[in-house]
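*Asks:* Structure supplied as run-v8.pdb; contents: PDB, C-alpha atoms.
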```pdb
MODEL        1
ATOM      1  CA  ARG Y   1       0.000   0.000   0.000
ATOM      2  CA  ASP Y   2       1.526   3.292  -1.042
ATOM      3  CA  GLY Y   3      -0.870   5.502   0.908
ATOM      4  CA  LYS Y   4      -2.819   6.687  -2.123
ATOM      5  CA  GLU Y   5      -5.234   3.800  -2.542
ATOM      6  CA  PHE Y   6      -8.362   3.614  -0.457
ATOM      7  CA  THR Y   7     -11.825   2.129  -0.502
ATOM      8  CA  PRO Y   8     -14.652   4.199  -2.003
ATOM      9  CA  PRO Y   9     -17.759   4.865   0.066
ATOM     10  CA  THR Y  10     -20.810   2.667  -0.341
ATOM     11  CA  ALA Y  11     -22.437   5.180  -2.690
ATOM     12  CA  MET Y  12     -19.529   4.928  -5.113
ATOM     13  CA  SER Y  13     -19.349   1.157  -4.953
ATOM     14  CA  SER Y  14     -23.058   0.705  -5.466
ATOM     15  CA  SER Y  15     -23.220   3.154  -8.339
ATOM     16  CA  LEU Y  16     -20.437   1.316 -10.140
ATOM     17  CA  HIS Y  17     -21.503  -2.221  -9.379
ATOM     18  CA  HIS Y  18     -25.289  -2.147  -9.114
ATOM     19  CA  PRO Y  19     -26.833  -5.558  -9.781
ATOM     20  CA  ARG Y  20     -28.924  -6.073 -12.880
ATOM     21  CA  SER Y  21     -31.706  -8.528 -13.461
ATOM     22  CA  THR Y  22     -31.035 -11.393 -15.861
ATOM     23  CA  THR Y  23     -34.552 -12.768 -16.097
ATOM     24  CA  PRO Y  24     -35.733 -13.657 -19.607
ATOM     25  CA  SER Y  25     -37.509 -11.052 -21.689
ATOM     26  CA  ARG Y  26     -41.269 -11.079 -21.941
ATOM     27  CA  GLY Y  27     -41.298  -9.211 -25.252
ATOM     28  CA  ARG Y  28     -41.908 -10.466 -28.759
ATOM     29  CA  GLY Y  29     -39.403 -12.852 -30.243
ATOM     30  CA  LYS Y  30     -37.622 -15.653 -28.460
ATOM     31  CA  ALA Y  31     -34.545 -13.672 -27.516
ATOM     32  CA  ALA Y  32     -33.724 -13.824 -23.819
ATOM     33  CA  ARG Y  33     -32.072 -10.765 -22.359
ATOM     34  CA  PRO Y  34     -28.284 -11.082 -22.315
ATOM     35  CA  PRO Y  35     -26.690 -10.490 -18.916
ATOM     36  CA  ALA Y  36     -26.240  -6.784 -18.098
ATOM     37  CA  LEU Y  37     -29.135  -5.593 -20.267
ATOM     38  CA  THR Y  38     -32.180  -4.189 -18.544
ATOM     39  CA  GLU Y  39     -35.733  -4.737 -19.734
ATOM     40  CA  GLU Y  40     -35.834  -1.096 -20.817
ATOM     41  CA  GLU Y  41     -32.661  -1.457 -22.872
ATOM     42  CA  LEU Y  42     -33.931  -4.600 -24.571
ATOM     43  CA  GLU Y  43     -37.185  -2.846 -25.411
ATOM     44  CA  GLU Y  44     -35.229   0.100 -26.815
ATOM     45  CA  MET Y  45     -33.339  -2.306 -29.084
ATOM     46  CA  ARG Y  46     -36.580  -3.989 -30.170
ATOM     47  CA  GLU Y  47     -38.091  -0.637 -31.077
ATOM     48  CA  ALA Y  48     -35.040   0.398 -33.109
ATOM     49  CA  PHE Y  49     -35.123  -2.931 -34.955
ATOM     50  CA  ALA Y  50     -38.877  -2.717 -35.551
ATOM     51  CA  LEU Y  51     -38.512   0.649 -37.290
ATOM     52  CA  PHE Y  52     -36.923  -1.198 -40.199
ATOM     53  CA  ASP Y  53     -38.685  -4.562 -39.847
ATOM     54  CA  THR Y  54     -41.576  -3.260 -41.941
ATOM     55  CA  GLU Y  55     -43.069  -6.696 -42.607
ATOM     56  CA  SER Y  56     -42.773  -7.867 -38.980
ATOM     57  CA  ALA Y  57     -40.697 -10.810 -40.195
ATOM     58  CA  ASN Y  58     -38.125 -10.408 -37.396
ATOM     59  CA  VAL Y  59     -35.440  -9.557 -39.972
ATOM     60  CA  ILE Y  60     -34.079  -6.338 -41.450
ATOM     61  CA  ASP Y  61     -31.963  -5.677 -44.520
ATOM     62  CA  ILE Y  62     -28.293  -5.326 -43.658
ATOM     63  CA  LYS Y  63     -28.368  -1.986 -45.490
ATOM     64  CA  GLU Y  64     -30.606  -0.730 -42.676
ATOM     65  CA  LEU Y  65     -28.194  -1.650 -39.889
ATOM     66  CA  LYS Y  66     -26.445   1.716 -39.863
ATOM     67  CA  ALA Y  67     -29.787   3.514 -39.466
ATOM     68  CA  ALA Y  68     -30.932   1.023 -36.803
ATOM     69  CA  PHE Y  69     -27.812   1.771 -34.762
ATOM     70  CA  ARG Y  70     -28.439   5.486 -35.252
ATOM     71  CA  ALA Y  71     -31.940   4.984 -33.826
ATOM     72  CA  LEU Y  72     -30.228   3.697 -30.676
ATOM     73  CA  GLY Y  73     -28.038   6.792 -30.569
ATOM     74  CA  PHE Y  74     -24.858   5.231 -31.981
ATOM     75  CA  THR Y  75     -22.938   6.437 -35.020
ATOM     76  CA  VAL Y  76     -21.484   3.349 -36.675
ATOM     77  CA  LYS Y  77     -19.335   3.345 -39.822
ATOM     78  CA  LYS Y  78     -19.923   0.838 -42.616
ATOM     79  CA  ALA Y  79     -16.510  -0.709 -41.998
ATOM     80  CA  GLU Y  80     -17.459  -1.392 -38.369
ATOM     81  CA  ILE Y  81     -20.735  -2.985 -39.463
ATOM     82  CA  ARG Y  82     -18.848  -5.214 -41.898
ATOM     83  CA  THR Y  83     -16.535  -6.285 -39.080
ATOM     84  CA  MET Y  84     -19.475  -7.095 -36.789
ATOM     85  CA  LEU Y  85     -21.166  -9.100 -39.567
ATOM     86  CA  ARG Y  86     -17.946 -10.981 -40.222
ATOM     87  CA  ASP Y  87     -17.571 -11.788 -36.519
ATOM     88  CA  LEU Y  88     -21.100 -13.251 -36.605
ATOM     89  CA  GLY Y  89     -20.356 -15.187 -39.784
ATOM     90  CA  LYS Y  90     -23.085 -13.186 -41.540
ATOM     91  CA  GLU Y  91     -21.009 -11.203 -44.038
ATOM     92  CA  ALA Y  92     -22.628 -12.962 -47.010
ATOM     93  CA  THR Y  93     -26.213 -12.585 -45.841
ATOM     94  CA  ALA Y  94     -28.700  -9.962 -47.038
ATOM     95  CA  THR Y  95     -30.781  -9.805 -43.862
ATOM     96  CA  ILE Y  96     -30.183  -9.841 -40.117
ATOM     97  CA  ALA Y  97     -32.483 -11.373 -37.509
ATOM     98  CA  PHE Y  98     -33.228  -9.639 -34.224
ATOM     99  CA  ASP Y  99     -31.075 -12.110 -32.262
ATOM    100  CA  ASP Y 100     -28.062 -11.161 -34.404
ATOM    101  CA  PHE Y 101     -28.831  -7.454 -34.043
ATOM    102  CA  LEU Y 102     -29.046  -7.980 -30.288
ATOM    103  CA  GLU Y 103     -25.609  -9.581 -30.268
ATOM    104  CA  MET Y 104     -24.156  -6.745 -32.338
ATOM    105  CA  ALA Y 105     -25.714  -3.918 -30.319
ATOM    106  CA  THR Y 106     -25.315  -5.264 -26.770
ATOM    107  CA  PRO Y 107     -21.626  -4.285 -26.350
ATOM    108  CA  LYS Y 108     -22.455  -0.732 -27.427
ATOM    109  CA  MET Y 109     -25.339  -0.538 -24.960
ATOM    110  CA  GLN Y 110     -23.070  -1.809 -22.174
ATOM    111  CA  SER Y 111     -20.377   0.718 -23.061
ATOM    112  CA  ARG Y 112     -22.941   3.518 -22.972
ATOM    113  CA  ASP Y 113     -24.145   2.311 -19.568
ATOM    114  CA  ALA Y 114     -20.588   2.191 -18.242
ATOM    115  CA  ARG Y 115     -19.998   5.838 -19.125
ATOM    116  CA  GLU Y 116     -23.287   6.882 -17.523
ATOM    117  CA  GLU Y 117     -22.416   5.055 -14.307
ATOM    118  CA  ILE Y 118     -18.908   6.537 -14.243
ATOM    119  CA  LEU Y 119     -20.342  10.023 -14.683
ATOM    120  CA  LYS Y 120     -22.545   9.436 -11.628
ATOM    121  CA  VAL Y 121     -19.369   8.904  -9.606
ATOM    122  CA  PHE Y 122     -17.810  11.944 -11.290
ATOM    123  CA  ALA Y 123     -20.740  14.006 -10.003
ATOM    124  CA  LEU Y 124     -19.947  12.919  -6.437
ATOM    125  CA  PHE Y 125     -16.513  14.510  -6.804
ATOM    126  CA  ASP Y 126     -17.718  17.543  -8.770
ATOM    127  CA  GLU Y 127     -19.884  18.969  -5.978
ATOM    128  CA  ASP Y 128     -19.761  22.515  -7.367
ATOM    129  CA  ARG Y 129     -20.873  21.284 -10.814
ATOM    130  CA  THR Y 130     -18.091  22.919 -12.779
ATOM    131  CA  GLY Y 131     -17.674  19.931 -15.095
ATOM    132  CA  ALA Y 132     -14.233  19.169 -13.672
ATOM    133  CA  ILE Y 133     -12.651  17.729 -10.535
ATOM    134  CA  SER Y 134     -10.328  20.206  -8.816
ATOM    135  CA  PHE Y 135      -7.714  19.702  -6.120
ATOM    136  CA  ARG Y 136     -10.262  21.023  -3.608
ATOM    137  CA  ASN Y 137     -12.883  18.484  -4.792
ATOM    138  CA  LEU Y 138     -10.429  15.615  -4.452
ATOM    139  CA  LYS Y 139      -9.269  16.757  -1.013
ATOM    140  CA  ARG Y 140     -12.882  16.974   0.202
ATOM    141  CA  VAL Y 141     -13.579  13.356  -0.862
ATOM    142  CA  ALA Y 142     -10.368  12.145   0.804
ATOM    143  CA  ASN Y 143     -11.291  13.933   4.029
ATOM    144  CA  GLU Y 144     -14.839  12.538   3.977
ATOM    145  CA  LEU Y 145     -13.397   9.050   3.654
ATOM    146  CA  GLY Y 146     -11.086   9.678   6.605
ATOM    147  CA  GLU Y 147      -7.955   9.179   4.550
ATOM    148  CA  ASN Y 148      -4.831  11.031   5.620
ATOM    149  CA  LEU Y 149      -3.348  11.992   2.246
ATOM    150  CA  THR Y 150      -0.839  14.775   1.808
ATOM    151  CA  ASP Y 151      -1.453  17.648  -0.577
ATOM    152  CA  GLU Y 152       1.421  16.317  -2.670
ATOM    153  CA  GLU Y 153      -0.238  12.902  -3.031
ATOM    154  CA  LEU Y 154      -3.556  14.471  -4.008
ATOM    155  CA  GLN Y 155      -1.876  16.747  -6.550
ATOM    156  CA  GLU Y 156      -0.037  13.759  -8.004
ATOM    157  CA  MET Y 157      -3.372  12.014  -8.594
ATOM    158  CA  ILE Y 158      -4.626  15.029 -10.531
ATOM    159  CA  ASP Y 159      -1.399  15.427 -12.496
ATOM    160  CA  GLU Y 160      -1.418  11.794 -13.611
ATOM    161  CA  ALA Y 161      -5.048  11.855 -14.769
ATOM    162  CA  ASP Y 162      -4.914  15.357 -16.277
ATOM    163  CA  ARG Y 163      -4.248  14.857 -19.997
ATOM    164  CA  ASP Y 164      -4.785  18.415 -21.228
ATOM    165  CA  GLY Y 165      -2.649  20.067 -18.565
ATOM    166  CA  ASP Y 166      -5.299  22.438 -17.206
ATOM    167  CA  GLY Y 167      -4.825  21.264 -13.617
ATOM    168  CA  LEU Y 168      -8.313  19.710 -13.495
ATOM    169  CA  ILE Y 169      -9.827  16.310 -14.292
ATOM    170  CA  ASN Y 170     -12.641  16.669 -16.815
ATOM    171  CA  GLU Y 171     -15.331  14.090 -17.595
ATOM    172  CA  ASP Y 172     -13.422  12.437 -20.456
ATOM    173  CA  GLU Y 173     -10.250  12.157 -18.381
ATOM    174  CA  PHE Y 174     -12.200  10.666 -15.473
ATOM    175  CA  VAL Y 175     -14.011   8.185 -17.751
ATOM    176  CA  ARG Y 176     -10.695   7.173 -19.277
ATOM    177  CA  VAL Y 177      -9.026   6.240 -15.984
ATOM    178  CA  MET Y 178     -12.175   4.569 -14.658
ATOM    179  CA  LYS Y 179     -12.673   2.441 -17.761
ATOM    180  CA  LYS Y 180      -9.065   1.358 -17.626
ATOM    181  CA  ARG Y 181      -9.658  -0.630 -14.440
ATOM    182  CA  GLY Y 182     -13.294  -0.037 -13.513
ATOM    183  CA  ASP Y 183     -12.404  -0.239  -9.841
ATOM    184  CA  ASN Y 184     -11.945   2.293  -7.044
ATOM    185  CA  PRO Y 185     -11.933   5.797  -8.614
ATOM    186  CA  LEU Y 186      -9.206   7.038  -6.313
ATOM    187  CA  ASP Y 187      -7.034   3.998  -7.002
ATOM    188  CA  ASP Y 188      -7.431   4.726 -10.698
ATOM    189  CA  LEU Y 189      -6.463   8.357 -10.312
ATOM    190  CA  SER Y 190      -3.342   7.364  -8.402
ATOM    191  CA  SER Y 191      -2.087   4.841 -10.966
ATOM    192  CA  ASP Y 192      -2.937   6.352 -14.342
ATOM    193  CA  ASP Y 193       0.474   5.635 -15.814
ATOM    194  CA  ASP Y 194      -0.112   1.856 -16.026
ATOM    195  CA  ASP Y 195      -1.144   1.823 -19.660
ATOM    196  CA  ASP Y 196       1.480   4.393 -20.659
ATOM    197  CA  ALA Y 197       4.119   2.002 -19.388
ATOM    198  CA  LEU Y 198       2.811  -0.552 -21.884
ATOM    199  CA  GLY Y 199       3.373   1.869 -24.704
ATOM    200  CA  SER Y 200      -0.288   2.349 -25.601
TER     201      SER Y 200
ENDMDL
END
```
Could you rewrite the structure in this file as structure tokens?
*Replies:*
Amino acid sequence: RDGKEFTPPTAMSSSLHHPRSTTPSRGRGKAARPPALTEEELEEMREAFALFDTESANVIDIKELKAAFRALGFTVKKAEIRTMLRDLGKEATATIAFDDFLEMATPKMQSRDAREEILKVFALFDEDRTGAISFRNLKRVANELGENLTDEELQEMIDEADRDGDGLINEDEFVRVMKKRGDNPLDDLSSDDDDDALGS
């Protein structure tokens, strides 16, 4: 233990690791909900698919995939769609069934959820709602957790996470370090040079 890693409060832990239901879907089609998708998310995906399933045949033309993803709020390039189709072994097909669309879209839905959850934690730090975490914000959280960190240690956390050199941690910088390990936010801020050491 180097003195800079400590356990987040219950609110942080629960916001990052809230349990999700994995009960099967009750909607149309036989697709069960993949783990980590909520009923609302599955319904959102059904609705996006149905916009282009004009004959209610549970299939859409692959040419409509880009628009179907856009209906979910994702901008997807044709090259990415081709890669997803190839990964599914569907590159030679003209249509895509809902189950295949579900498999293609689920990782994007999960990634979107991850950012939303991380930003909830960000808001706990950003009490003055400036859109950035300052030294004062970080010191307040450390004090509330009862951790005896020096000003130098706190400043080091900010310096390592601060990519644009403005002395603050903005949302994108916070999301970046949280996604890297998805663990304790203050651990992440204190060890942001891990991936740089790998040459990424």
*Asks:* So the first atom is CA of Asp61 (chain Y) and the second is CA of Thr95 (chain Y); what is the distance between them in Å, to one decimal place?
*Replies:*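 Calculated distance between CA of Asp61 (chain Y) and CA of Thr95 (chain Y) is 4.3 Å.
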*Asks:* Name the residues in contact with Phe122 (chain Y) at a cut-off of 10 Å, using only C-alpha atoms, excluding same-chain residues fewer than 3 positions from it; report them as a PyMOL selection string.
*Replies:* chain Y and resi 12+116-119+125-127+129+131-133+169-171+174-175+178+185
*Asks:* Which neighbours of Glu80 (chain Y) fall inside 12 Å, counting only C-alpha atoms, when residues of the same chain fewer than 3 positions from it are skipped, and could you give them as a count of residues only?
*Replies:* 15
*Asks:* Would you compute the distance between CA of Val141 (chain Y) and CA of Val121 (chain Y)? Give it in Å to one decimal.
*Replies:* 11.4 Å
*Asks:* Need to verify the contact set: Phe98 (chain Y), 12 Å, all atoms listed in the file, exclusion of same-chain residues closer than 5 positions in sequence. Can you return it as a count of residues only?
*Replies:* 30
*Asks:* Would you list the residues near (-8.0, 13.7, -19.5) (no more than 10 Å away, in the coordinates of the file, using only C-alpha atoms) as a ChimeraX atom specification?
*Replies:* /Y:158-166,168-177
*Asks:* For Gln155 (chain Y), work out the shell of residues within 10 Å, counting only C-alpha atoms and skipping chain neighbours fewer than 2 positions away, then give it as a list in words.
*Replies:*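 Returned residues: Ser134, Phe135, Arg136, Leu138, Lys139, Thr150, Asp151, Glu152, Glu153, Met157, Ile158, Asp159, Glu160, Gly167, Leu168 and Ser190 of chain Y.
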*Asks:* Figure out the distance between CA of Lys179 (chain Y) and CA of Thr38 (chain Y), please, to one decimal in Å.
*Replies:* 20.6 Å
*Asks:* Just checking: using all atoms listed in the file, which residue out of Y:Glu44, Y:Lys180, Y:Leu72, Y:Gly146 ends up closest to Arg115 (chain Y)?
*Replies:*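 Closest to Arg115 (chain Y) of all the choices is Y:Lys180.
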*Asks:* Give the answer as one residue: which of Y:Leu124, Y:Lys63, Y:Thr54, Y:Asn143 has the shortest atom-to-atom distance to Thr93 (chain Y), using all atoms listed in the file?
*Replies:*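 Of Y:Leu124, Y:Lys63, Y:Thr54, Y:Asn143, the one nearest Thr93 (chain Y), counting all atoms listed in the file, is Y:Lys63.
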